[in-house]
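Listing of target-v2.cif, mmCIF, C-alpha atoms
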```
data_structure
#
loop_
_atom_site.label_atom_id
_atom_site.label_comp_id
_atom_site.auth_asym_id
_atom_site.auth_seq_id
_atom_site.Cartn_x
_atom_site.Cartn_y
_atom_site.Cartn_z
CA ALA K 196 -15.98 -51.81 -37.78
CA THR K 197 -19.77 -51.86 -37.89
CA ALA K 198 -19.92 -53.00 -34.25
CA GLU K 199 -17.88 -50.01 -33.14
CA LYS K 200 -20.29 -47.45 -34.68
CA PRO K 201 -22.89 -47.54 -31.88
CA ASN K 202 -20.06 -46.83 -29.38
CA ILE K 203 -18.76 -43.90 -31.44
CA GLN K 204 -22.29 -42.49 -31.58
CA SER K 205 -23.02 -43.14 -27.92
CA LYS K 206 -20.06 -41.07 -26.64
CA PRO K 207 -21.34 -37.76 -28.07
CA GLU K 208 -24.82 -38.68 -26.87
CA ARG K 209 -23.51 -39.26 -23.39
CA ARG K 210 -21.61 -35.98 -23.50
CA LYS K 211 -24.75 -34.22 -24.72
CA ARG K 212 -26.75 -35.66 -21.84
CA VAL K 213 -24.08 -34.60 -19.30
CA ALA K 214 -23.88 -31.14 -20.89
CA GLU K 215 -27.66 -30.80 -20.72
CA LYS K 216 -27.58 -31.67 -17.05
CA THR K 217 -24.85 -29.13 -16.29
CA ILE K 218 -26.73 -26.48 -18.28
CA LYS K 219 -29.96 -27.24 -16.43
CA ASP K 220 -28.36 -27.16 -13.00
CA PRO K 221 -27.18 -23.53 -13.08
CA LYS K 222 -30.60 -22.48 -14.36
CA LYS K 223 -32.16 -24.36 -11.50
CA ARG K 224 -29.80 -22.67 -9.08
CA LYS K 225 -30.58 -19.27 -10.59
CA SER K 226 -34.30 -19.83 -10.26
CA GLU K 227 -33.79 -20.96 -6.67
CA GLN K 228 -31.80 -17.80 -5.98
CA LYS K 229 -34.55 -15.71 -7.54
CA LYS K 230 -37.08 -17.36 -5.26
CA LYS K 231 -35.12 -16.30 -2.18
CA LYS K 232 -37.07 -13.53 -0.49
CA THR K 233 -35.55 -10.08 -0.40
CA ILE K 234 -35.99 -7.77 2.60
CA THR K 235 -38.61 -5.86 0.61
CA ASP K 236 -40.54 -9.09 -0.07
CA VAL K 237 -40.49 -9.94 3.61
CA LEU K 238 -41.61 -6.43 4.59
CA SER K 239 -44.42 -6.34 2.05
CA SER K 240 -45.78 -9.74 3.03
CA SER K 241 -45.30 -9.41 6.79
CA GLU K 242 -47.35 -7.50 9.31
CA PRO K 243 -45.48 -4.43 10.57
CA LYS K 244 -43.76 -5.05 13.89
CA PRO K 245 -43.01 -2.15 16.21
CA GLY K 246 -39.32 -1.31 16.48
CA SER K 247 -37.50 -2.07 19.69
CA PRO K 248 -34.26 -0.85 21.31
CA ALA K 249 -32.69 -4.18 20.30
CA ASP K 250 -33.40 -3.37 16.63
CA LEU K 251 -31.57 -0.06 16.89
CA GLN K 252 -28.64 -1.65 18.71
CA LYS K 253 -28.43 -4.34 16.01
CA ALA K 254 -28.36 -1.66 13.27
CA VAL K 255 -25.63 0.28 15.11
CA THR K 256 -23.51 -2.86 15.65
CA HIS K 257 -23.89 -3.92 12.00
CA TYR K 258 -23.04 -0.47 10.67
CA PHE K 259 -19.83 -0.12 12.69
CA SER K 260 -18.73 -3.78 12.53
CA ASP K 261 -16.03 -3.06 9.91
CA LYS K 262 -15.36 0.56 10.90
CA LEU K 263 -14.45 0.37 14.57
CA SER K 264 -12.42 -1.88 16.84
CA VAL K 265 -14.18 -4.29 19.21
CA ILE K 266 -13.43 -1.98 22.17
CA GLU K 267 -14.85 1.05 20.32
CA GLN K 268 -17.95 -0.96 19.39
CA GLU K 269 -18.46 -1.86 23.06
CA GLU K 270 -18.57 1.86 23.84
CA LEU K 271 -21.49 2.23 21.42
CA LYS K 272 -23.69 -0.16 23.37
CA LEU K 273 -26.84 1.54 24.63
CA LEU K 274 -28.36 0.68 27.99
CA ASP K 275 -32.11 0.15 28.31
CA SER K 276 -32.19 3.30 30.45
CA CYS K 277 -31.29 5.32 27.32
CA PHE K 278 -34.67 4.57 25.76
CA LEU K 279 -38.16 6.00 26.02
CA PRO K 280 -41.10 3.60 25.59
CA SER K 281 -41.38 2.61 21.89
CA ASN K 282 -44.44 3.27 19.73
CA ASP K 283 -46.64 0.16 19.67
CA LEU K 284 -48.05 1.27 16.28
CA THR K 285 -51.27 2.62 17.83
CA HIS K 286 -50.00 6.20 18.22
CA THR K 287 -50.03 9.29 16.05
CA LEU K 288 -46.86 11.37 16.36
CA SER K 289 -48.57 13.87 18.70
CA SER K 290 -50.10 11.19 20.95
CA TYR K 291 -46.75 9.36 21.12
CA LEU K 292 -44.87 12.54 22.08
CA LYS K 293 -47.49 13.41 24.72
CA HIS K 294 -46.97 9.91 26.12
CA VAL K 295 -43.14 10.08 26.28
CA CYS K 296 -42.77 13.83 27.06
CA PRO K 297 -45.60 14.50 29.53
CA LYS K 298 -43.91 17.66 30.89
CA TRP K 299 -43.39 19.21 27.45
CA SER K 300 -45.12 22.54 28.14
CA LYS K 301 -42.80 23.19 31.11
CA ILE K 302 -39.67 21.99 29.25
CA GLN K 303 -40.35 24.11 26.16
CA LYS K 304 -40.95 27.26 28.27
CA GLN K 305 -37.58 26.79 29.99
CA HIS K 306 -35.69 26.38 26.70
CA ALA K 307 -33.86 29.59 25.74
CA GLU K 308 -30.73 28.43 23.91
CA LYS K 309 -30.24 29.30 20.24
CA SER K 310 -28.65 26.87 17.73
CA SER K 311 -29.97 23.99 19.83
CA VAL K 312 -33.23 22.06 20.08
CA VAL K 313 -34.86 20.12 22.91
CA LEU K 314 -36.50 17.53 20.65
CA LEU K 315 -34.96 16.11 17.49
CA ILE K 316 -37.14 13.98 15.21
CA VAL K 317 -35.23 12.06 12.56
CA CYS K 318 -36.88 10.63 9.43
CA SER K 319 -35.87 9.36 6.00
CA SER K 320 -36.81 12.13 3.55
CA ALA K 321 -37.81 15.76 2.97
CA LEU K 322 -41.41 14.75 2.21
CA ARG K 323 -41.66 12.76 5.40
CA THR K 324 -40.23 15.72 7.36
CA ILE K 325 -43.02 18.00 6.09
CA GLU K 326 -45.63 15.33 6.91
CA LEU K 327 -44.32 14.92 10.48
CA ILE K 328 -44.23 18.67 11.12
CA LYS K 329 -47.94 18.79 10.19
CA GLN K 330 -48.58 15.91 12.63
CA LEU K 331 -46.89 17.86 15.45
CA THR K 332 -49.63 20.51 15.65
CA THR K 333 -51.57 19.19 18.65
CA PHE K 334 -48.40 18.43 20.63
CA LYS K 335 -46.07 21.36 20.14
CA GLY K 336 -48.22 24.20 21.46
CA ALA K 337 -46.26 27.46 21.25
CA ALA K 338 -42.99 25.65 20.46
CA LYS K 339 -41.17 26.47 17.22
CA ALA K 340 -40.19 23.68 14.81
CA ILE K 341 -37.61 23.77 12.01
CA LYS K 342 -37.21 21.61 8.88
CA LEU K 343 -33.71 20.12 8.67
CA PHE K 344 -33.26 18.48 5.27
CA ALA K 345 -31.08 19.17 2.23
CA LYS K 346 -33.71 19.41 -0.53
CA HIS K 347 -33.99 23.04 -1.82
CA ILE K 348 -32.61 24.44 1.47
CA LYS K 349 -28.98 25.52 1.85
CA ILE K 350 -27.26 24.48 5.06
CA GLU K 351 -26.16 28.11 5.66
CA GLU K 352 -29.81 29.22 5.66
CA GLN K 353 -30.67 26.62 8.30
CA MET K 354 -27.68 27.68 10.41
CA LYS K 355 -28.83 31.33 10.28
CA LEU K 356 -32.38 30.37 11.26
CA LEU K 357 -31.11 28.34 14.22
CA GLN K 358 -28.86 31.22 15.35
CA LYS K 359 -31.59 33.84 14.93
CA THR K 360 -34.42 32.39 17.02
CA VAL K 361 -34.94 29.91 19.82
CA THR K 362 -36.13 26.68 18.22
CA HIS K 363 -37.60 23.85 20.26
CA ILE K 364 -38.07 21.05 17.74
CA GLY K 365 -35.92 19.98 14.79
CA VAL K 366 -37.35 17.55 12.24
CA GLY K 367 -35.18 16.25 9.43
CA THR K 368 -32.94 13.70 7.77
CA PRO K 369 -29.85 12.05 9.32
CA GLY K 370 -27.49 13.41 6.63
CA ARG K 371 -28.43 17.07 7.05
CA ILE K 372 -28.65 16.88 10.85
CA SER K 373 -25.16 15.26 11.00
CA ALA K 374 -23.79 17.98 8.69
CA LEU K 375 -25.28 20.75 10.88
CA ILE K 376 -23.74 19.21 14.01
CA GLU K 377 -20.38 18.87 12.24
CA LYS K 378 -20.43 22.53 11.10
CA GLU K 379 -21.51 23.59 14.62
CA GLY K 380 -24.70 25.07 13.23
CA LEU K 381 -26.61 22.79 15.60
CA ASN K 382 -25.30 21.91 19.04
CA LEU K 383 -26.60 19.20 21.36
CA ARG K 384 -26.43 21.10 24.66
CA ALA K 385 -30.22 21.49 25.04
CA LEU K 386 -31.15 18.14 23.46
CA ARG K 387 -33.33 15.99 25.72
CA TYR K 388 -35.24 13.75 23.29
CA LEU K 389 -34.22 12.01 20.08
CA VAL K 390 -37.20 10.42 18.31
CA LEU K 391 -36.51 8.16 15.34
CA ASP K 392 -39.24 7.63 12.75
CA TRP K 393 -38.31 3.97 12.92
CA ASN K 394 -41.51 2.15 11.94
CA TRP K 395 -42.38 4.19 8.86
CA ARG K 396 -41.70 2.74 5.41
CA ASP K 397 -41.78 4.68 2.17
CA GLN K 398 -43.44 3.44 -1.04
CA LYS K 399 -40.44 1.21 -1.78
CA LEU K 400 -40.67 -0.13 1.78
CA ARG K 401 -37.33 1.40 2.68
CA THR K 402 -36.65 2.27 6.28
CA MET K 403 -33.90 4.40 7.77
CA VAL K 404 -30.46 2.84 7.52
CA ASP K 405 -28.14 5.80 8.06
CA ILE K 406 -29.19 6.42 11.65
CA PRO K 407 -25.96 4.96 13.20
CA GLU K 408 -23.84 7.65 11.53
CA LEU K 409 -25.99 10.32 13.17
CA LEU K 410 -25.73 8.68 16.58
CA GLU K 411 -21.94 8.79 16.34
CA SER K 412 -22.09 12.60 16.06
CA GLY K 413 -22.19 13.03 19.84
CA ILE K 414 -25.76 11.96 20.54
CA LEU K 415 -24.60 8.61 21.94
CA HIS K 416 -22.40 10.45 24.40
CA GLY K 417 -25.46 12.38 25.58
CA CYS K 418 -27.37 9.13 26.01
CA LYS K 419 -24.54 7.66 28.07
CA GLU K 420 -24.59 10.68 30.37
CA ASN K 421 -28.35 10.22 30.74
CA LYS K 422 -29.06 13.64 29.19
CA VAL K 423 -30.71 12.35 25.99
CA LYS K 424 -33.43 9.73 25.70
CA ILE K 425 -34.14 7.85 22.46
CA GLY K 426 -37.65 7.00 21.31
CA LEU K 427 -38.60 4.74 18.39
CA PHE K 428 -41.77 6.04 16.77
#
```

Full structure transcribed into structure tokens:
Amino acid sequence: ATAEKPNIQSKPERRKRVAEKTIKDPKKRKSEQKKKKTITDVLSSSEPKPGSPADLQKAVTHYFSDKLSVIEQEELKLLDSCFLPSNDLTHTLSSYLKHVCPKWSKIQKQHAEKSSVVLLIVCSSALRTIELIKQLTTFKGAAKAIKLFAKHIKIEEQMKLLQKTVTHIGVGTPGRISALIEKEGLNLRALRYLVLDWNWRDQKLRTMVDIPELLESGILHGCKENKVKIGLF
């Protein structure tokens, strides 16, 4: 009986050791998972890279991958001819627009349609919209610009403003711009340039992710017909 005691004691010890191992392993896995870099980590530690047409196409494909059929997704493919030269991160907004719209003064003088803009600049927030409108000063000349975001401004007010006067440039967020197009407060007949504030990151290093939804609103059709050009700023 005395000889059996070490064996009786050793079984729980063995179990304890196995249990300790299994307890340690999940912790190890958790710590490994924690060490995996998030997109924000990558963005904060990496040098900013200028956006390219391929980046936008990738975002569009990813967004619609579970929403549209393969054939419908094929129709969303953008040709290189749809794009303006991208910002190489050396430009201010005005210098970039002068570069991609060299005939702006002539184009803006010819524009006479209400409820439509020639140039649409899309960014991620109301604050960024205000900042970009300030940056437009040296480019826009006599052109009129309108803020198109939801914060503190009713959509009906924006629709009235667009109907009342000829507006050349719209600057705003994808959600509000999509809503205005849907309610027919903003039409795309005069639209020539769509500039996406693609390279800008806010304090949390977030970039625009809801751009594909806006493109689906009829802008892609304009690009296909070679009426609208897309620029990544």

### Message
Which residues, named as in the file, does the PyMOL selection byres ((chain K and resi 268) around 12) pick out? Answer as a ChimeraX atom specification.
### Response
/K:252-253,255-267,269-273,407,411,415

### Residue neighbourhood Leu274 in chain K, 9 Å, all atoms listed in the file, exclusion window fewer than 3 positions, as a ChimeraX atom specification
/K:277-278,418-419

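Look at Pro297 in chain K: the protein and nucleic acid residues within 12 Å of it, using only C-alpha atoms and passing over chain neighbours fewer than 5 places away, are Leu279, Ser289, Ser290, Tyr291, Leu292, Ile302, Gln303, Phe334 and Lys335 of chain K.
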
### Computed interatomic separation between CA of Ala254 in chain K and CA of Leu410 in chain K (Å)
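Taking CA of Ala254 in chain K and CA of Leu410 in chain K, their separation equals 11.2 Å.
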
### Task
Work out how far apart CA of His416 in chain K and CA of Asn282 in chain K are and give it in Å to one decimal.
23.6 Å

### Message
Please return as an MDAnalysis selection string every residue within 9 Å of (-26.4, 15.0, 20.5), taking into account all atoms listed in the file and the file's own coordinates.
### Response
chainID K and resid 376 382:387 389 409:418 423

### Query
On this structure, which residues satisfy the PyMOL selection byres ((chain K and resi 366) around 10), written as number ranges by chain?
K: 312, 314-318, 321, 323-325, 327-328, 340-344, 364-365, 367-369, 372, 390-391

### Query
How many Å lie between CA of Cys296 in chain K and CA of Gln330 in chain K, rounded to one decimal?
15.7 Å

(-27.2, 22.1, 13.5) in this file's frame - what residues fall within 9 Å of it? Use only C-alpha atoms and give the answer as a short mmCIF file (atom, residue, chain, number, x, y, z; two decimals) with C-alpha atoms, in the coordinates of the input.
```cif
data_model
loop_
_atom_site.label_atom_id
_atom_site.label_comp_id
_atom_site.auth_asym_id
_atom_site.auth_seq_id
_atom_site.Cartn_x
_atom_site.Cartn_y
_atom_site.Cartn_z
CA SER K 310 -28.65 26.87 17.73
CA SER K 311 -29.97 23.99 19.83
CA VAL K 312 -33.23 22.06 20.08
CA LEU K 343 -33.71 20.12 8.67
CA ILE K 350 -27.26 24.48 5.06
CA GLN K 353 -30.67 26.62 8.30
CA MET K 354 -27.68 27.68 10.41
CA LEU K 357 -31.11 28.34 14.22
CA ARG K 371 -28.43 17.07 7.05
CA ILE K 372 -28.65 16.88 10.85
CA SER K 373 -25.16 15.26 11.00
CA ALA K 374 -23.79 17.98 8.69
CA LEU K 375 -25.28 20.75 10.88
CA ILE K 376 -23.74 19.21 14.01
CA GLU K 377 -20.38 18.87 12.24
CA LYS K 378 -20.43 22.53 11.10
CA GLU K 379 -21.51 23.59 14.62
CA GLY K 380 -24.70 25.07 13.23
CA LEU K 381 -26.61 22.79 15.60
CA ASN K 382 -25.30 21.91 19.04
CA LEU K 383 -26.60 19.20 21.36
#
```

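Minimum distance to Gln305 in chain K across K:Leu288, K:His363, K:Ala249, K:Gly336 (counting all atoms listed in the file) occurs at K:His363.
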
### Message
With distances taken over all atoms listed in the file, which residue among K:Ile425, K:Leu284, K:Ala338, K:Ala307 lies nearest Gln358 in chain K?
### Response
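The answer is K:Ala307, which sits nearest to Gln358 in chain K.
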
Centre and size of axis-aligned box enclosing range 376-391 of chain K plus 4 Å each side, as AutoDock Vina command-line options:
```
--center_x -28.8 --center_y 16.6 --center_z 18.4 --size_x 24.8 --size_y 24.9 --size_z 22.6
```

### Message
Which residue is closest to Trp395 in chain K? Choose from K:His294, K:Lys304, K:Lys244, K:Lys339 and count only C-alpha atoms.
### Response
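Answer, going by the shortest atom-to-atom distance: K:Lys244.
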